[in-house]
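Beneath this line is the structure, given in structure tokens, with notes to follow.
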Amino acid sequence: MTAPLSSSSGLEVLLSTLQDAGDVESTLNILNVLDELLSAGTDRRIHYMIKKGGSDALLSALVNTARSFSPDYAVLLPLLHLLAKVGHRDRRIGVRAEDAGAVLLTLNLLRKNISHPRRAAACLWVLQVFSSSVSTANLIGQNHGLDVIYHLIPPYTTQHLCPIKAAITAFAALLSTKANVSSAVSKGFVSGLLQLYEDWFSNDSQCGATEICHALLRCLHKLTHSAAGRQAVRLQGGLRLLYQTTQTCLHSKGRDCLVEPSVQLMRKCLPKTPLPLISDQSAYTFPLPGRSHDALETNLAPDVSSDDSEEDEDEDDQEEESKDYDDDLETDLNKLRHCPEPDRPKEMLIQYSRLCPELSHDFQELDLSSESEDTSSSSSSSSSSSDEDEILCPQSSRRKCTSSRRRSTSSRDLTSTESTSETDMSSERHTPASPPSEASGFRRHRNFLSTSPSFRSMVKETREDASSGQRGGNLEAEKEGAEESNHRTMIDRLLGRHGVSIPHHDPRLYRAAATRTQSIPGFSILAFPDFWGHLPPPGNEVMAPRRPNVQRLKVFEDIRRFLSTNDIINQVVFDLEDSSLQCPSDCLRFYSKFESGNLRKAVQVRRYEYDLILNADTNCSQHTQWFYFEVSNMEPDIPYRFNVINCEKTNSQFNYGMQPVLYSVREALEGRPHWVRTGSEVCYFRNHFCPARGPRKSTFYTLSFSVSFKHREDVCYIAYHYPYTYTALKAHLKELQKSVDPSRVFFRQQVLCGTLTGNSCPLVTITACPTSRSWRDMHQLRNRPCIVLTARVHPGESNASWVMKGTLEFLCSSDPVAQSLRETFIFKIIPMLNPDGVTNGMSRCDLNSEDLNRQWCKPDPTLSPTIYHTKGFLYYLNSIGRTPLVFCDYHGHSRKKNVFLYGCSVKETLWQSGSAVDTVGLKEDPGYRTIPKTLDRIAPAFSFNSCNYLVEKSRASTARVVVWREMGVLRSYTMESTYNGCDQGIYKGLQTGTGEMQEMGMKFCQSLLYVIRDTRSLYNKTLINHIDLDHSVLDHKSHNCFEDDEPPCVEEIEYSADCPPLHGTDLDSEVNSNMADTEEEEGEEEGHQGTTRRDSLGQLSNMKNRLFPHRTRQSSMETLGERRKSCNGVSIANGQIIS
Ligand SMILES: [Zn+2]
């Protein structure tokens, strides 16, 4: 639009003339000119006109014309049309119309012209446009507008479809307000509309009136925003009607567009069904120190008060992310600046000196190493050692062994620590020595593997072999009891016959480590996969293709639960809280009471279909996402449908090719111990369930997938993602410690602190031993920069642990790059920040039902000990001048593909936010980009384009932001790894396995070499070449990635409560057709018939908008020349206004 802004533009002159014009001809001419102007350009032109008072001018012209005793429809009709087009784009049109007194006037005009289809249509469009404002829509409603318009919708006919469509659309527009909806529902319009829909649908065999049907569905959608409306649909048999009509639509191409609105409508009207639970609170509770048990109970009491049946639907309950992202950016420069002031007194930091053993270690063993073969076993002075118990020591003597070692540990490491303060972090005060009574370890229990009869029969032959053979370990067995001994023997046999060698995994070590893991329920069973171990399956696992309409078909099945209940079983077959539950012999058996297990209840819905309910995070009623359970007693080769019905996230990668994982014991015993991606018909959608006792408003989502089991007698495990337990970490660290050469690798595992249930949070130090004890070598060691890595603060993000496993294994390996990294850096690694969450199968929180990654600003020493002490340790490093060079916290991301980093940059944040702060003078080291840039080149799963470096207010208390801001770590990151797979690079289209995740952990380490290049001129070029050459195959990778934007599913993921719009219908084309349609002529009185001259004029304005019959158009063009002079120098050339 190139209209210059002069004090009185040509357009304004036209508009003021329009309001003053007395005679028909000049009014028509002006209308015509306006139409010419507006039809040639884009919407911007109309918006310009609105800005210049166009709507008001049209409204006052309308009022002037319509008020006369016998209004001239020759003027009125084009006026209404133009008003509809302009008003449609004017957000304030309703208010303007009310001010001008045009609302009721138009309604009256409609009443008078009910028998004139074209006039009625024109009035209806204008009323529709006015109804965009709530007060205007209510005004029309109060003046019986709903009734007038509703009665304009006739049963099926082939006549005058245009005004009928206009009536339904206007009716729907009026239903945008609560008052009108409840008035319409109370008048029984729901039933009427359902009948109309049925009538139009069944008579319209040629699909000529699909738009009408669609518009009727839209009205029903609006009415069902209210609980009364939804109830009316149910009572009037609406569900059945919609279900049946939809089934018809499925076979008719022309009516495809009716399916989605019908499905959404049915979903909306399904009665809200409370989850079959007594309480929404987690089945696990844990009394928190400092809070009485009673207080906890009342805290946890369900919110019964808000249980006032079904509330009206809120439209803003959608994506939390949909709020304006830029508003979340931190623009306060003070909050973006580093503030290295500790949150606690300096004296309290000294206790952390024990966590830097490499700085005080004297490496005496270096002098001996050449002679002695078994340095590794001379534990305490060795460079590779652990504070932790030797977990391989015999069960019976463990306790004694534990406590004596503890004492010695304590005296060695904590000499300078005052143990009086409440913040004392010594492991001894919190760790298992005196576990709280509520948490208990495996040691009290005797059973160690699955309880499933299938499992027993699977290992039976092994057991029989065992009894005929020699019984080993009898001495011990007598102490431990026969059952325990049996079990041991059985396990030994199993391993002897079927065990495969899995790197860095030893089942016996795992089992021993498990005895020390503290859990709230006191687990007595080890999940087989964790015990036995996992090897990545050979070959790639591609993302699951999505069958068209899979979601729709599942929703149909859900609706049939209400329509035909014959095949519905609805029987609880597993209940975490009721172990006495008996279930029929022909249904699946479920179990989840093991480490990281999460399944609260299983309900058999149909013969081969089960609803699964996940346990909320301990001490709260939310955060369901992670699942891990055992299933057995299956029939082979039959697709079982599983529905996890209380998911909370609004969308999921399960809609985009991701599958859950499955582990089969039988397969493992046959030499294939693999977690594999499994499940067909995977999809994720909003369901009709609501909390058992909480607010009915909350919505749940269903993850649905089908699994066909391969073997009859099998025990399988199904999980959200590759499980990685706390015990797995402990066992892994033991393995690593055994694996390193202590004369070269300094590996030390220590206890950062204890957790609430009495587990220990390990901290691992890895660096290279000095080549000698010379001053120079020791000095070099003690001046190596620190790299601090953490993971698994969110217990459901097991991918973070697999990436961390890769990091740890690489750093302990003999790879020359790893050796160089060890020689260059000191690695401080806290591989699991939330052991209690992981152990108890939680998704998001710690036991105090808080997200630990939102506690970093002011972590509570008692309730969030791991964060409190990690932060304290970082402060300590700061205080001794050893601020980490890099900090990275490993996470998993459930809604994006690839692996990527979030970092922190002041400049990028200010730029992105559009802040007025001048960034020219701001100096910022761009070094924060080195690692992501390097990873983009060397790590196949990594995507630079998905990274960002923005500091959000909502993330102010995350590790990344706090470590950056308070510790001044420039390179402070969150690393997010997908649960699904990649959409770029050589892994494009593949789901990630544990191999790819471990590789990512290794690549992250390799990228650190480039940081040295950044910070020093001295770096090892050969090594860097070594890394680069390694991956000359990478065909990376500059694709553009749009935040959160998934490629659309074959099937739209539709959660909105509104009716999906019908493509190809808009008000403009409707209005145009009303003028162009010669079949609907109403007689001579208007005298402006459409003619056949549209071709020649069509070139002028591409027929986009066609308000006027062409005879008038032509004459107006002719008079335009004369007007030009009188219009104060307005000239119109090529459809542009020049003044
Ligand atoms: Zn996370």
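Following the order of the structure tokens, first chain is A, next is B, and so on, with residues numbered from 1 inside each chain and ligands from 1 in the order they appear.
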Can you tell me which residues come within 7 Å of ligand 1 when counting only C-alpha atoms and all ligand atoms, ideally as a VMD selection string? chain A and resid 793 to 794 797 891 to 893
Skip region 931-944 of chain A itself and residues of its chain fewer than 4 positions away, then list as a PyMOL selection string all residues within 6 Å of it, counting only C-alpha atoms. chain A and resi 898-900+985+1003+1007
Among region 614-837 of chain A, which ones does DSSP assign to helix (DSSP H, G or I) (computed from the backbone)? Answer as a ChimeraX atom specification. /A:653-655,665-669,726-739,775-782,798-811,816-824,835-837
Same residues, C-alpha atoms, saved as a short mmCIF file (atom, residue, chain, number, x, y, z; two decimals), in the first residue's frame:
```cif
data_model
loop_
_atom_site.label_atom_id
_atom_site.label_comp_id
_atom_site.auth_asym_id
_atom_site.auth_seq_id
_atom_site.Cartn_x
_atom_site.Cartn_y
_atom_site.Cartn_z
CA GLN A 653 7.16 -37.72 20.08
CA PHE A 654 4.99 -40.84 20.15
CA ASN A 655 3.02 -39.00 17.49
CA VAL A 665 13.46 -62.61 28.95
CA ARG A 666 13.17 -65.53 26.59
CA GLU A 667 15.02 -63.65 23.89
CA ALA A 668 17.67 -62.69 26.42
CA LEU A 669 18.12 -66.31 27.48
CA TYR A 726 20.38 -46.09 40.27
CA THR A 727 21.73 -49.57 40.98
CA ALA A 728 22.91 -49.73 37.36
CA LEU A 729 24.92 -46.60 37.96
CA LYS A 730 26.45 -47.94 41.15
CA ALA A 731 27.38 -51.20 39.49
CA HIS A 732 28.72 -49.39 36.47
CA LEU A 733 30.97 -47.18 38.53
CA LYS A 734 32.37 -50.29 40.21
CA GLU A 735 33.04 -51.83 36.83
CA LEU A 736 34.74 -48.70 35.59
CA GLN A 737 36.89 -48.51 38.63
CA LYS A 738 38.01 -52.07 38.08
CA SER A 739 38.69 -51.37 34.43
CA TRP A 775 57.29 -30.75 41.01
CA ARG A 776 56.58 -29.93 37.40
CA ASP A 777 54.21 -32.86 36.86
CA MET A 778 52.40 -32.36 40.14
CA HIS A 779 52.04 -28.68 39.37
CA GLN A 780 50.60 -29.46 35.97
CA LEU A 781 48.10 -31.82 37.55
CA ARG A 782 46.97 -29.34 40.13
CA SER A 798 16.92 -42.18 31.39
CA ASN A 799 18.48 -41.14 28.08
CA ALA A 800 20.61 -38.68 30.05
CA SER A 801 22.11 -41.63 31.95
CA TRP A 802 22.96 -43.48 28.76
CA VAL A 803 24.71 -40.41 27.41
CA MET A 804 26.52 -40.10 30.73
CA LYS A 805 27.48 -43.77 30.54
CA GLY A 806 29.13 -43.00 27.21
CA THR A 807 30.97 -40.05 28.72
CA LEU A 808 32.24 -42.06 31.68
CA GLU A 809 33.36 -45.03 29.63
CA PHE A 810 35.14 -42.84 27.15
CA LEU A 811 36.94 -40.88 29.84
CA PRO A 816 44.42 -41.37 22.89
CA VAL A 817 41.88 -38.54 22.89
CA ALA A 818 40.61 -39.68 26.26
CA GLN A 819 44.15 -39.81 27.57
CA SER A 820 44.77 -36.32 26.29
CA LEU A 821 41.54 -35.06 27.88
CA ARG A 822 42.55 -36.59 31.20
CA GLU A 823 45.95 -34.97 30.96
CA THR A 824 44.34 -31.64 30.22
CA PRO A 835 18.82 -41.12 42.95
CA ASP A 836 15.59 -41.29 44.97
CA GLY A 837 13.50 -40.21 42.02
#
```
From A:Gln551, A:Ser774, A:Thr565, A:Thr870, residue lying nearest Cys683 (chain A) [only C-alpha atoms]: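 Smallest distance to Cys683 (chain A) is found for A:Gln551.
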From CA of Arg844 (chain A) to CA of Tyr591 (chain A) the spacing works out at 21.8 Å
Skip Cys583 (chain A) itself and residues of its chain fewer than 3 positions away, then list as a ChimeraX atom specification all residues within 8 Å of it, counting only C-alpha atoms. /A:572-574,587,589
Save the residues we just selected, C-alpha atoms, as a compact mmCIF listing (two decimals), in the first residue's frame?
```txt
# COMPACT_ATOMS: atom_id res chain seq x y z
CA VAL A 572 -8.73 -54.40 37.37
CA VAL A 573 -6.00 -56.97 36.82
CA PHE A 574 -3.11 -55.26 38.56
CA CYS A 587 -5.44 -62.24 31.04
CA ARG A 589 -0.14 -60.43 34.33
```
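Nearest residue to Ile559 (chain A) among A:Leu265, A:Cys207, A:Leu152, A:Phe629 is A:Leu265, counting only C-alpha atoms.
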